[in-house]
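A.B. asks: Next up, data.csv (CSV, C-alpha atoms).
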chain,number,residue,atom,x,y,z
A,240,MET,CA,-12.4,-118.7,164.3
A,241,GLU,CA,-15.1,-120.3,166.4
A,242,ILE,CA,-16.8,-118.4,169.2
A,243,TYR,CA,-15.0,-120.0,172.2
A,244,GLU,CA,-11.6,-119.4,170.6
A,245,GLU,CA,-12.7,-115.8,169.9
A,246,LEU,CA,-13.5,-115.3,173.5
A,247,VAL,CA,-10.0,-116.5,174.4
A,248,ALA,CA,-8.4,-114.3,171.8
A,249,ARG,CA,-10.3,-111.3,173.2
A,250,GLY,CA,-9.0,-112.0,176.7
A,251,LEU,CA,-12.4,-112.6,178.1
A,252,ILE,CA,-12.2,-116.0,179.7
A,253,ALA,CA,-10.8,-116.1,183.2
A,254,GLN,CA,-11.7,-119.6,184.6
A,255,VAL,CA,-13.7,-122.5,183.5
A,256,THR,CA,-14.8,-125.7,185.2
A,257,ASP,CA,-14.6,-128.1,182.2
A,258,GLU,CA,-12.9,-126.5,179.2
A,259,LYS,CA,-13.4,-129.3,176.7
A,260,GLU,CA,-17.1,-129.7,177.4
A,261,ILE,CA,-17.7,-125.9,177.5
A,262,ARG,CA,-15.9,-125.4,174.3
A,263,GLU,CA,-18.0,-128.0,172.5
A,264,LEU,CA,-21.3,-126.6,173.9
A,265,VAL,CA,-20.5,-123.0,173.1
A,266,ASN,CA,-19.0,-123.7,169.6
A,267,GLY,CA,-22.0,-126.0,168.8
A,268,GLY,CA,-24.5,-123.4,169.8
A,269,LYS,CA,-25.8,-125.7,172.5
A,270,ALA,CA,-25.1,-123.6,175.6
A,271,ARG,CA,-28.2,-122.5,177.4
A,272,PHE,CA,-26.5,-120.2,179.9
A,273,TYR,CA,-27.5,-117.6,182.5
A,274,ILE,CA,-25.9,-114.5,183.9
A,275,GLY,CA,-27.4,-112.9,187.0
A,276,PHE,CA,-28.0,-109.2,187.5
A,277,ASP,CA,-29.0,-108.0,191.0
A,278,CYS,CA,-31.3,-104.9,190.9
A,279,THR,CA,-29.4,-102.6,193.2
A,280,ALA,CA,-30.1,-99.5,191.1
A,281,ASP,CA,-32.5,-98.4,188.5
A,282,SER,CA,-29.9,-98.6,185.7
A,283,LEU,CA,-27.2,-100.9,184.5
A,284,THR,CA,-23.7,-99.4,184.5
A,285,ALA,CA,-20.6,-99.6,182.3
A,286,GLY,CA,-19.4,-102.3,184.7
A,287,HIS,CA,-22.2,-104.5,183.3
A,288,PHE,CA,-20.7,-104.2,179.7
A,289,MET,CA,-18.7,-107.3,179.9
A,290,ALA,CA,-21.7,-109.5,180.7
A,291,LEU,CA,-24.0,-107.8,178.2
A,292,THR,CA,-21.6,-108.0,175.3
A,293,LEU,CA,-20.7,-111.6,176.2
A,294,MET,CA,-24.4,-112.5,176.0
A,295,LYS,CA,-24.7,-110.8,172.7
A,296,ARG,CA,-21.7,-112.6,171.3
A,297,LEU,CA,-22.9,-116.0,172.4
A,298,GLN,CA,-26.4,-115.4,171.2
A,299,GLU,CA,-25.1,-114.5,167.8
A,300,ALA,CA,-23.2,-117.8,167.8
A,301,GLY,CA,-26.5,-119.7,168.3
A,302,ASN,CA,-26.5,-120.1,172.1
A,303,GLN,CA,-29.5,-119.1,174.2
A,304,PRO,CA,-29.1,-116.5,177.0
A,305,ILE,CA,-31.1,-116.5,180.2
A,306,ALA,CA,-31.0,-113.1,181.8
A,307,LEU,CA,-31.6,-113.7,185.5
A,308,ILE,CA,-33.0,-110.7,187.3
A,309,GLY,CA,-32.1,-111.0,191.0
A,310,GLY,CA,-35.4,-109.9,192.5
A,311,GLY,CA,-34.8,-112.4,195.3
A,312,THR,CA,-31.0,-112.2,195.8
A,313,THR,CA,-31.1,-108.4,195.8
A,314,MET,CA,-33.0,-108.6,199.0
A,315,ILE,CA,-29.9,-110.1,200.6
A,316,GLY,CA,-27.1,-108.5,198.6
A,317,ASP,CA,-23.9,-110.0,197.3
A,318,PRO,CA,-21.0,-109.4,199.7
A,319,SER,CA,-18.4,-110.1,197.0
A,320,GLY,CA,-15.9,-107.3,196.8
A,321,ARG,CA,-17.7,-105.3,199.4
A,322,SER,CA,-16.2,-103.8,202.6
A,323,ASP,CA,-19.7,-103.3,204.1
A,324,MET,CA,-23.3,-104.6,203.8
A,325,ARG,CA,-25.3,-103.3,200.9
A,326,LYS,CA,-28.3,-101.1,201.4
A,327,MET,CA,-31.5,-103.2,201.9
A,328,LEU,CA,-34.1,-102.3,199.3
A,329,THR,CA,-37.9,-102.7,199.3
A,330,ARG,CA,-39.6,-105.2,197.0
A,331,GLU,CA,-41.1,-102.2,195.2
A,332,ASP,CA,-37.7,-100.7,194.6
A,333,ILE,CA,-36.4,-104.0,193.3
A,334,ASP,CA,-39.3,-104.5,191.0
A,335,HIS,CA,-38.9,-101.0,189.5
A,336,ASN,CA,-35.2,-101.6,189.0
A,337,ALA,CA,-35.8,-104.9,187.3
A,338,GLU,CA,-38.1,-103.3,184.7
A,339,CYS,CA,-35.4,-100.7,184.0
A,340,PHE,CA,-32.8,-103.4,183.5
A,341,ARG,CA,-35.1,-105.2,181.0
A,342,ARG,CA,-35.5,-102.1,178.8
A,343,GLN,CA,-31.7,-101.6,178.7
A,344,MET,CA,-30.9,-105.3,178.1
A,345,GLU,CA,-33.1,-105.3,175.0
A,346,LYS,CA,-30.6,-103.1,173.3
A,347,PHE,CA,-28.1,-106.0,173.5
A,348,ILE,CA,-30.0,-109.2,173.6
A,349,GLU,CA,-32.9,-110.4,171.4
A,350,PHE,CA,-35.8,-111.7,173.5
A,351,GLY,CA,-38.6,-113.8,172.2
A,352,GLU,CA,-39.7,-117.4,171.5
A,353,GLY,CA,-36.7,-119.5,170.9
A,354,LYS,CA,-34.4,-116.6,171.7
A,355,ALA,CA,-33.3,-115.1,175.0
A,356,ILE,CA,-35.5,-115.3,178.0
A,357,MET,CA,-35.7,-113.2,181.2
A,358,VAL,CA,-36.5,-114.7,184.6
A,359,ASN,CA,-36.7,-113.3,188.1
A,360,ASN,CA,-35.4,-115.4,191.0
A,361,ALA,CA,-37.9,-113.7,193.3
A,362,ASP,CA,-40.4,-116.2,191.7
A,363,TRP,CA,-38.8,-119.1,193.4
A,364,LEU,CA,-36.5,-117.8,196.2
A,365,LEU,CA,-39.1,-115.7,198.0
A,366,ASP,CA,-41.4,-118.7,198.5
A,367,LEU,CA,-38.8,-121.1,199.8
A,368,ASN,CA,-39.4,-122.6,203.3
A,369,TYR,CA,-36.3,-122.2,205.3
A,370,VAL,CA,-36.3,-125.7,207.0
A,371,ASN,CA,-37.2,-127.3,203.7
A,372,LEU,CA,-34.3,-125.5,202.0
A,373,LEU,CA,-31.9,-126.6,204.6
A,374,ARG,CA,-33.0,-130.2,204.2
A,375,GLU,CA,-32.9,-130.0,200.4
A,376,VAL,CA,-29.5,-128.4,199.9
A,377,GLY,CA,-27.9,-127.7,203.2
A,378,THR,CA,-25.9,-130.9,203.3
A,379,CYS,CA,-24.2,-130.0,200.0
A,380,PHE,CA,-22.4,-127.0,201.4
A,381,SER,CA,-19.3,-127.2,203.6
A,382,VAL,CA,-19.0,-124.3,206.0
A,383,ASN,CA,-15.2,-124.7,206.0
A,384,ASN,CA,-15.1,-124.3,202.2
A,385,MET,CA,-17.5,-121.4,202.3
A,386,LEU,CA,-15.3,-119.5,204.8
A,387,ARG,CA,-12.3,-120.0,202.5
A,388,ALA,CA,-14.2,-118.6,199.5
A,389,GLU,CA,-12.8,-115.5,197.8
A,390,CYS,CA,-16.1,-113.7,197.9
A,391,TYR,CA,-16.1,-113.6,201.7
A,392,LYS,CA,-12.4,-112.8,202.4
A,393,ASN,CA,-12.7,-109.0,202.4
A,394,ARG,CA,-15.4,-109.2,205.0
A,395,MET,CA,-14.1,-111.7,207.5
A,396,GLU,CA,-12.0,-109.2,209.5
A,397,ARG,CA,-14.7,-106.4,209.5
A,398,GLY,CA,-17.5,-108.8,210.1
A,399,LEU,CA,-19.8,-110.8,207.8
A,400,SER,CA,-23.4,-111.2,208.8
A,401,PHE,CA,-25.2,-114.5,208.6
A,402,PHE,CA,-27.7,-112.7,206.4
A,403,GLU,CA,-25.1,-112.1,203.7
A,404,PHE,CA,-23.4,-115.5,204.4
A,405,ASN,CA,-26.5,-117.1,202.8
A,406,TYR,CA,-25.9,-115.3,199.4
A,407,MET,CA,-23.8,-118.2,198.1
A,408,ILE,CA,-26.5,-120.7,198.8
A,409,MET,CA,-29.1,-118.5,197.1
A,410,GLN,CA,-27.0,-118.1,194.0
A,411,SER,CA,-26.2,-121.8,193.9
A,412,TYR,CA,-29.9,-122.5,194.2
A,413,ASP,CA,-30.6,-120.3,191.2
A,414,PHE,CA,-28.5,-122.5,189.0
A,415,TYR,CA,-30.0,-125.6,190.5
A,416,HIS,CA,-33.5,-124.3,189.8
A,417,LEU,CA,-32.7,-123.1,186.3
A,418,PHE,CA,-31.1,-126.4,185.4
A,419,GLN,CA,-34.2,-128.3,186.4
A,420,HIS,CA,-36.9,-126.0,185.1
A,421,TYR,CA,-35.2,-124.2,182.1
A,422,GLY,CA,-32.6,-126.7,180.9
A,423,CYS,CA,-29.9,-124.2,181.8
A,424,ASN,CA,-26.5,-126.0,181.5
A,425,MET,CA,-24.0,-123.2,182.1
A,426,GLN,CA,-23.5,-120.2,184.2
A,427,PHE,CA,-21.3,-117.1,183.3
A,428,GLY,CA,-20.2,-114.3,185.5
A,429,GLY,CA,-17.3,-112.1,186.5
A,430,ASP,CA,-14.2,-113.7,188.0
A,431,ASP,CA,-15.1,-112.3,191.4
A,432,GLN,CA,-18.1,-114.8,191.3
A,433,TRP,CA,-16.0,-117.9,191.0
A,434,SER,CA,-16.8,-119.3,194.5
A,435,ASN,CA,-20.5,-118.7,194.2
A,436,MET,CA,-20.6,-120.3,190.7
A,437,LEU,CA,-18.7,-123.4,191.9
A,438,GLY,CA,-21.4,-123.7,194.6
A,439,GLY,CA,-24.1,-124.0,191.9
A,440,THR,CA,-22.2,-126.6,189.8
A,441,GLU,CA,-21.4,-128.7,192.8
A,442,LEU,CA,-25.0,-128.6,194.0
A,443,ILE,CA,-26.3,-129.8,190.7
A,444,ARG,CA,-23.8,-132.6,190.6
A,445,LYS,CA,-24.4,-133.7,194.1
A,446,LYS,CA,-28.2,-133.5,194.1
A,447,LEU,CA,-29.0,-134.5,190.5
A,448,GLY,CA,-25.9,-136.5,189.5
A,449,LYS,CA,-25.6,-134.5,186.3
A,450,ASP,CA,-23.0,-132.1,184.9
A,451,ALA,CA,-23.4,-128.4,184.7
A,452,TYR,CA,-20.6,-125.9,183.9
A,453,ALA,CA,-19.4,-122.5,184.9
A,454,MET,CA,-17.1,-120.0,183.2
A,455,THR,CA,-16.0,-116.6,184.5
A,456,ILE,CA,-15.0,-113.7,182.4
A,457,THR,CA,-12.1,-111.4,183.2
A,458,LEU,CA,-13.4,-108.2,184.9
A,459,LEU,CA,-12.2,-105.1,183.1
A,460,THR,CA,-9.7,-103.2,185.2
A,461,ASP,CA,-7.5,-100.2,184.5
A,462,SER,CA,-3.7,-100.3,184.6
A,463,ASN,CA,-3.8,-99.8,188.3
A,464,GLY,CA,-6.1,-102.8,188.9
A,465,ASN,CA,-9.1,-100.7,189.7
A,466,LYS,CA,-12.5,-101.7,188.4
A,467,MET,CA,-13.5,-99.7,185.3
A,468,GLY,CA,-17.0,-98.3,184.9
A,469,LYS,CA,-16.8,-95.8,187.7
A,470,THR,CA,-15.3,-92.3,187.6
A,471,ALA,CA,-14.8,-89.8,190.4
A,472,GLY,CA,-16.6,-92.2,192.7
A,473,ASN,CA,-19.7,-92.3,190.6
A,474,ALA,CA,-21.0,-95.1,188.4
A,475,VAL,CA,-21.1,-94.6,184.6
A,476,TRP,CA,-24.7,-95.4,183.9
A,477,LEU,CA,-26.3,-96.8,180.7
A,478,ASP,CA,-29.4,-94.7,181.3
A,479,PRO,CA,-28.9,-91.4,179.4
A,480,ASN,CA,-30.8,-89.5,182.1
A,481,LYS,CA,-28.1,-90.5,184.6
A,482,THR,CA,-25.1,-90.4,182.3
A,483,SER,CA,-25.5,-88.4,179.1
A,484,PRO,CA,-24.3,-89.9,175.9
A,485,PHE,CA,-21.7,-87.2,175.8
A,486,ASP,CA,-20.4,-88.0,179.2
A,487,PHE,CA,-20.5,-91.7,178.4
A,488,TYR,CA,-18.5,-91.1,175.3
A,489,GLN,CA,-16.0,-89.0,177.2
A,490,TYR,CA,-15.5,-91.6,179.9
A,491,TRP,CA,-14.3,-94.1,177.3
A,492,ARG,CA,-12.4,-91.4,175.3
A,493,ASN,CA,-10.4,-90.8,178.5
A,494,VAL,CA,-9.2,-94.3,179.3
A,495,GLY,CA,-5.5,-94.7,179.8
A,496,ASP,CA,-3.1,-95.4,177.0
A,497,ALA,CA,-2.3,-98.8,178.6
A,498,ASP,CA,-6.0,-99.8,178.6
A,499,VAL,CA,-7.5,-98.7,175.3
A,500,LEU,CA,-6.6,-101.7,173.2
A,501,LYS,CA,-7.7,-104.1,176.0
A,502,CYS,CA,-11.0,-102.3,176.1
A,503,ILE,CA,-11.4,-102.4,172.3
A,504,ARG,CA,-10.6,-106.1,172.3
A,505,MET,CA,-12.9,-107.1,175.1
A,506,LEU,CA,-15.9,-104.8,174.6
A,507,THR,CA,-16.3,-103.9,171.0
A,508,PHE,CA,-17.4,-106.1,168.1
A,509,LEU,CA,-14.6,-104.9,165.8
A,510,PRO,CA,-12.8,-107.7,163.9
A,511,LEU,CA,-9.8,-109.1,165.8
A,512,ASP,CA,-7.5,-108.5,162.8
A,513,GLN,CA,-8.4,-104.8,162.7
A,514,ILE,CA,-7.7,-104.6,166.4
A,515,GLU,CA,-4.3,-106.4,166.0
A,516,GLU,CA,-3.3,-103.7,163.5
A,517,MET,CA,-4.0,-101.1,166.2
A,518,GLY,CA,-1.5,-102.9,168.4
A,519,HIS,CA,1.2,-101.1,166.5
A,520,TRP,CA,-0.3,-97.7,167.0
A,521,LYS,CA,1.6,-95.1,169.1
A,522,ASP,CA,1.4,-91.6,170.4
A,523,GLN,CA,-1.3,-89.6,168.6
A,524,GLN,CA,-2.7,-92.8,167.0
A,525,LEU,CA,-3.7,-94.0,170.5
A,526,ASN,CA,-6.0,-91.0,170.7
A,527,THR,CA,-7.6,-92.2,167.5
A,528,ALA,CA,-8.0,-95.6,169.1
A,529,LYS,CA,-9.7,-94.0,172.1
A,530,GLU,CA,-12.1,-92.2,169.7
A,531,ILE,CA,-12.9,-95.5,168.1
A,532,LEU,CA,-13.5,-97.2,171.4
A,533,ALA,CA,-15.7,-94.3,172.7
A,534,PHE,CA,-17.8,-94.2,169.4
A,535,GLU,CA,-18.3,-98.0,169.2
A,536,LEU,CA,-19.5,-98.3,172.9
A,537,THR,CA,-21.7,-95.2,172.7
A,538,LYS,CA,-23.2,-96.6,169.6
A,539,LEU,CA,-23.9,-99.9,171.3
A,540,VAL,CA,-25.7,-98.3,174.2
A,541,HIS,CA,-27.3,-95.1,172.8
A,542,GLY,CA,-27.4,-95.7,169.0
A,543,GLU,CA,-25.3,-94.4,166.1
A,544,ALA,CA,-27.0,-91.0,166.0
A,545,GLU,CA,-26.2,-90.2,169.6
A,546,ALA,CA,-22.7,-91.6,169.2
A,547,GLN,CA,-22.1,-89.3,166.2
A,548,LYS,CA,-23.4,-86.3,168.1
A,549,ALA,CA,-21.3,-87.1,171.1
A,550,GLN,CA,-18.2,-87.4,169.0
A,551,GLU,CA,-18.8,-84.1,167.2
A,552,SER,CA,-19.4,-82.4,170.5
A,553,ALA,CA,-16.1,-83.7,171.9
A,554,LYS,CA,-14.2,-82.6,168.8
A,555,ALA,CA,-15.8,-79.2,168.9
A,556,LEU,CA,-14.9,-78.8,172.6
A,557,PHE,CA,-11.4,-80.2,172.6
A,558,GLY,CA,-10.5,-79.4,169.1
A,559,GLY,CA,-10.7,-75.6,169.7
A,560,GLY,CA,-14.1,-75.1,168.0
A,561,GLY,CA,-17.4,-74.2,169.4
A,562,ALA,CA,-19.4,-76.4,171.8
A,563,ALA,CA,-22.0,-78.5,170.1
A,564,GLY,CA,-24.3,-81.4,170.8
A,565,ASP,CA,-25.4,-82.7,174.2
A,566,MET,CA,-22.6,-81.4,176.3
A,567,PRO,CA,-23.6,-81.2,180.0
A,568,GLU,CA,-25.1,-77.8,180.9
A,569,THR,CA,-25.7,-75.5,183.8
A,570,ALA,CA,-28.4,-72.8,183.5
A,571,LEU,CA,-28.0,-69.5,185.3
A,572,GLY,CA,-30.9,-67.3,186.3
A,573,ASP,CA,-31.2,-63.7,187.4
A,574,ALA,CA,-30.5,-64.6,191.0
A,575,ASP,CA,-27.1,-66.0,190.1
A,576,PHE,CA,-25.9,-62.5,189.0
A,577,THR,CA,-24.8,-59.6,191.2
A,578,ASP,CA,-25.1,-56.2,189.5
A,579,GLY,CA,-25.5,-58.1,186.2
A,580,LYS,CA,-22.3,-60.1,186.6
A,581,ILE,CA,-21.0,-63.4,188.0
A,582,ASP,CA,-17.4,-64.0,189.1
A,583,VAL,CA,-15.4,-67.0,188.0
A,584,VAL,CA,-15.3,-68.5,191.5
A,585,SER,CA,-19.1,-68.5,191.8
A,586,LEU,CA,-19.3,-69.8,188.3
A,587,LEU,CA,-17.1,-72.8,189.1
A,588,VAL,CA,-19.2,-73.7,192.2
A,589,LYS,CA,-22.6,-73.2,190.6
A,590,SER,CA,-21.6,-75.3,187.6
A,591,GLY,CA,-20.5,-78.1,189.9
A,592,LEU,CA,-16.9,-78.1,188.6
A,593,CYS,CA,-15.6,-77.2,192.0
A,594,ALA,CA,-17.0,-78.3,195.4
A,595,SER,CA,-16.3,-75.1,197.3
A,596,ARG,CA,-15.2,-71.5,196.8
A,597,GLY,CA,-11.8,-72.4,198.2
A,598,ASP,CA,-11.4,-75.2,195.7
A,599,ALA,CA,-12.4,-72.9,192.9
A,600,ARG,CA,-9.9,-70.2,194.0
A,601,ARG,CA,-7.1,-72.8,194.0
A,602,ASN,CA,-7.9,-74.0,190.5
A,603,VAL,CA,-8.0,-70.5,189.1
A,604,GLU,CA,-4.8,-69.4,190.8
A,605,GLN,CA,-3.0,-72.6,189.6
A,606,GLY,CA,-4.0,-71.9,186.0
A,607,GLY,CA,-6.4,-74.8,185.7
A,608,VAL,CA,-9.5,-72.9,184.5
A,609,THR,CA,-10.5,-71.9,181.0
A,610,VAL,CA,-13.6,-69.8,180.1
A,611,GLY,CA,-14.4,-69.9,176.4
A,612,GLU,CA,-11.0,-69.9,174.8
A,613,GLN,CA,-9.2,-67.9,177.5
A,614,LYS,CA,-7.3,-69.2,180.5
A,615,VAL,CA,-8.5,-67.3,183.7
A,616,THR,CA,-6.0,-66.8,186.5
A,617,ASP,CA,-7.6,-63.8,188.2
A,618,ILE,CA,-10.1,-64.9,190.9
A,619,GLY,CA,-11.8,-61.5,190.5
A,620,ALA,CA,-12.6,-62.1,186.8
A,621,ALA,CA,-16.4,-61.6,186.2
A,622,PHE,CA,-18.7,-62.1,183.3
A,623,ASP,CA,-21.9,-60.3,182.3
A,624,LYS,CA,-25.1,-62.0,181.0
A,625,ALA,CA,-24.2,-61.3,177.4
A,626,ALA,CA,-21.2,-63.7,177.7
A,627,PHE,CA,-23.6,-66.6,178.1
A,628,ALA,CA,-26.1,-65.7,175.4
A,629,GLY,CA,-25.0,-68.5,173.0
A,630,GLY,CA,-23.6,-70.8,175.7
A,631,LEU,CA,-20.1,-70.5,177.2
A,632,VAL,CA,-17.9,-73.4,178.0
A,633,ILE,CA,-15.9,-73.4,181.2
A,634,ARG,CA,-13.3,-76.0,181.9
A,635,ARG,CA,-11.4,-77.2,185.0
A,636,GLY,CA,-8.4,-79.1,184.0
A,637,LYS,CA,-8.5,-81.2,180.8
A,638,LYS,CA,-11.4,-83.4,181.4
A,639,ASN,CA,-14.0,-81.4,183.4
A,640,TYR,CA,-16.3,-79.0,181.6
A,641,LYS,CA,-19.7,-77.5,181.5
A,642,ARG,CA,-21.6,-75.3,179.0
A,643,ILE,CA,-23.1,-72.4,180.9
A,644,VAL,CA,-26.4,-71.0,179.5
A,645,LEU,CA,-29.0,-68.5,180.6
A,646,ARG,CA,-32.2,-69.9,182.0
A,647,ALA,CA,-35.2,-69.1,179.8
Render the structure in this file as structure tokens.
C.D. replies:
Amino acid sequence: MEIYEELVARGLIAQVTDEKEIRELVNGGKARFYIGFDCTADSLTAGHFMALTLMKRLQEAGNQPIALIGGGTTMIGDPSGRSDMRKMLTREDIDHNAECFRRQMEKFIEFGEGKAIMVNNADWLLDLNYVNLLREVGTCFSVNNMLRAECYKNRMERGLSFFEFNYMIMQSYDFYHLFQHYGCNMQFGGDDQWSNMLGGTELIRKKLGKDAYAMTITLLTDSNGNKMGKTAGNAVWLDPNKTSPFDFYQYWRNVGDADVLKCIRMLTFLPLDQIEEMGHWKDQQLNTAKEILAFELTKLVHGEAEAQKAQESAKALFGGGGAAGDMPETALGDADFTDGKIDVVSLLVKSGLCASRGDARRNVEQGGVTVGEQKVTDIGAAFDKAAFAGGLVIRRGKKNYKRIVLRA
């Protein structure tokens, strides 16, 4: 199976501008394509997985990726899918975030001469003269069409600033610049970027009279249609200092039954025939599929040793054994104990498993708290320092846990 057909079989392709031409370029290893990453944080997230794995697949098939760091576009902020304007970052913040992105991308993409390249659109966008830009490309954009674009729909009722309205022009100009200066003939992105990407292909065709192509990939959503890569309102980061390998593993281990095979197909590099066999799995076998998903993705991001350690820790915790590996911890000091003991309500709050004492009491009384191997339903239950000598695991519900240790 050639690479384009594999992308289709994995359910990755959402929309393309010119399927025949794109198929020929990609399968022939002649696509020089870019994907843009705005530097809104100092780490990529699990939500970037689709783009990173796509770049890896296409590079392995002989195509050349261009990783575009949005040092310029980040200064505006993409309004796509947003209900409000993004926080404006300083140039120093953006440069720092860009360097963090580079280090993480190197785990997926091979950079070097004749291989992938990384560029920063700050190098051309920040020096543009506004009047010259309007004269050069302004006539190629219809305001009527821009107002109908999907990327602006969520903002029209609540208000869309002219500042953000320019984002489509900036992204389109990126493709225009890369086409002229880097031989970039294709742009990839999430399906929420379709309007912006069409702007770039049309700009190249109108200004240069040449063909450029765009393809969007299906953004990974859960069975309720929510974007995956976030949990409990927080991003799942690729930086191990922000999301530990254990928590990263657990995030993917806990995907819904309806989503696990889709995630395996779209995100892992397991052979399709092996994945098709999993399509017949049911009940307990789906838990095995989730373990495979979690291990494969943790290995991609953090390496095989960390993936193995995270898997062993999860099995120790949820299989009834002791707590091992890099499970998240909370350290208690002398000040956390009263008369040498700490009650279960305080323990839940100090560990961050409950937001307040009231929340902690409700969880205890409803039978949702386990300390060690014992369910605790008495809000007056207390533990002395000796209980934490070797580390003690406390759980709220099935998926929230901390290992409590004594501060050295």
A.B. asks: Could you give me, as a PyMOL selection string, the residues within 12 Å of Asn266 in chain A, counting all atoms listed in the file and dropping anything in the same chain fewer than 2 positions from it?
C.D. replies: chain A and resi 240-246+258-264+268-270+296-302
A.B. asks: Just to confirm, what's the straight-line distance from CA of Glu403 in chain A to CA of Leu307 in chain A in Å (one decimal)?
C.D. replies: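 Rounded to one decimal, the two atoms are 19.4 Å apart.
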A.B. asks: So that I can see what lies close to range 249-256 of chain A, please list as a ChimeraX atom specification the residues with an atom at most 12 Å from it, counting all atoms listed in the file and leaving out residues fewer than 5 positions away in the same chain.
C.D. replies: /A:240,242-244,261-262,288-290,292-293,296,425-434,436-441,450-459,500-512,514-515
A.B. asks: So that I have them on file, write out the residues from the current selection with C-alpha atoms, as a short mmCIF file (atom, residue, chain, number, x, y, z; two decimals), in the coordinates of the input.
C.D. replies:
data_model
loop_
_atom_site.label_atom_id
_atom_site.label_comp_id
_atom_site.auth_asym_id
_atom_site.auth_seq_id
_atom_site.Cartn_x
_atom_site.Cartn_y
_atom_site.Cartn_z
CA MET A 240 -12.40 -118.70 164.30
CA ILE A 242 -16.80 -118.40 169.20
CA TYR A 243 -15.00 -120.00 172.20
CA GLU A 244 -11.60 -119.40 170.60
CA ILE A 261 -17.70 -125.90 177.50
CA ARG A 262 -15.90 -125.40 174.30
CA PHE A 288 -20.70 -104.20 179.70
CA MET A 289 -18.70 -107.30 179.90
CA ALA A 290 -21.70 -109.50 180.70
CA THR A 292 -21.60 -108.00 175.30
CA LEU A 293 -20.70 -111.60 176.20
CA ARG A 296 -21.70 -112.60 171.30
CA MET A 425 -24.00 -123.20 182.10
CA GLN A 426 -23.50 -120.20 184.20
CA PHE A 427 -21.30 -117.10 183.30
CA GLY A 428 -20.20 -114.30 185.50
CA GLY A 429 -17.30 -112.10 186.50
CA ASP A 430 -14.20 -113.70 188.00
CA ASP A 431 -15.10 -112.30 191.40
CA GLN A 432 -18.10 -114.80 191.30
CA TRP A 433 -16.00 -117.90 191.00
CA SER A 434 -16.80 -119.30 194.50
CA MET A 436 -20.60 -120.30 190.70
CA LEU A 437 -18.70 -123.40 191.90
CA GLY A 438 -21.40 -123.70 194.60
CA GLY A 439 -24.10 -124.00 191.90
CA THR A 440 -22.20 -126.60 189.80
CA GLU A 441 -21.40 -128.70 192.80
CA ASP A 450 -23.00 -132.10 184.90
CA ALA A 451 -23.40 -128.40 184.70
CA TYR A 452 -20.60 -125.90 183.90
CA ALA A 453 -19.40 -122.50 184.90
CA MET A 454 -17.10 -120.00 183.20
CA THR A 455 -16.00 -116.60 184.50
CA ILE A 456 -15.00 -113.70 182.40
CA THR A 457 -12.10 -111.40 183.20
CA LEU A 458 -13.40 -108.20 184.90
CA LEU A 459 -12.20 -105.10 183.10
CA LEU A 500 -6.60 -101.70 173.20
CA LYS A 501 -7.70 -104.10 176.00
CA CYS A 502 -11.00 -102.30 176.10
CA ILE A 503 -11.40 -102.40 172.30
CA ARG A 504 -10.60 -106.10 172.30
CA MET A 505 -12.90 -107.10 175.10
CA LEU A 506 -15.90 -104.80 174.60
CA THR A 507 -16.30 -103.90 171.00
CA PHE A 508 -17.40 -106.10 168.10
CA LEU A 509 -14.60 -104.90 165.80
CA PRO A 510 -12.80 -107.70 163.90
CA LEU A 511 -9.80 -109.10 165.80
CA ASP A 512 -7.50 -108.50 162.80
CA ILE A 514 -7.70 -104.60 166.40
CA GLU A 515 -4.30 -106.40 166.00
#
A.B. asks: My list of candidates is A:Leu539, A:Leu367, A:Met357, A:Met566. Which is closest to Ile308 in chain A when distances are computed with all atoms listed in the file?
C.D. replies: A:Met357
A.B. asks: If I take CA of Asp575 in chain A and CA of Phe627 in chain A, how far is one from the other in Å, to one decimal?
C.D. replies: 12.5 Å
A.B. asks: Separation of CA of Ile633 in chain A and CA of His541 in chain A, in Å?
C.D. replies: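 According to the coordinates, CA of Ile633 in chain A and CA of His541 in chain A are separated by 25.9 Å.
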A.B. asks: Have a look at A:Asn336, A:Thr482, A:Ser381, A:Ser552 and name the one nearest to Ala285 in chain A; count only C-alpha atoms.
C.D. replies: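 Smallest separation from Ala285 in chain A among the options: A:Thr482.
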A.B. asks: I'd like the neighbourhood of Gly630 in chain A as a PyMOL selection string, where a residue qualifies if any of its atoms comes within 9 Å (using only C-alpha atoms), though same-chain residues fewer than 5 positions away should be ignored.
C.D. replies: chain A and resi 562+568+642-645
A.B. asks: Considering all atoms listed in the file, return as a ChimeraX atom specification whatever protein or nucleic-acid residues lie within 10 Å of range 593-604 of chain A, sequence-local ones (same chain, fewer than 6 positions apart) excluded.
C.D. replies: /A:583-587,614-620,635-636,639
A.B. asks: Identify which of the residues A:Ser483, A:Tyr488, A:Leu291, A:Glu345 lies closest to Lys538 in chain A, counting all atoms listed in the file when measuring atom-to-atom distances.
C.D. replies: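 Residue with the minimum atom-to-atom distance to Lys538 in chain A: A:Tyr488.
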A.B. asks: Can you work out which one of A:Gln523, A:Asn384, A:Thr312, A:Thr284 has the shortest atom-to-atom distance to Leu364 in chain A, counting all atoms listed in the file?
C.D. replies: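 Ranking A:Gln523, A:Asn384, A:Thr312, A:Thr284 by distance to Leu364 in chain A, first place goes to A:Thr312.
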A.B. asks: Could the residues of range 253-319 of chain A that have an atom at most 8 Å from range 329-333 of chain A be listed as CSV, each with its closest atom pair and the distance in Å to one decimal, counting all atoms listed in the file and ordered by chain and ascending residue number?
C.D. replies:
residue,atom,partner,partner_atom,distance
A:Cys278,CA,A:Ile333,CA,5.7
A:Thr279,CA,A:Ile333,CA,7.1
A:Gly310,CA,A:Ile333,CA,6.0
A:Thr313,CA,A:Ile333,CA,7.3
A:Met314,CA,A:Thr329,CA,7.7
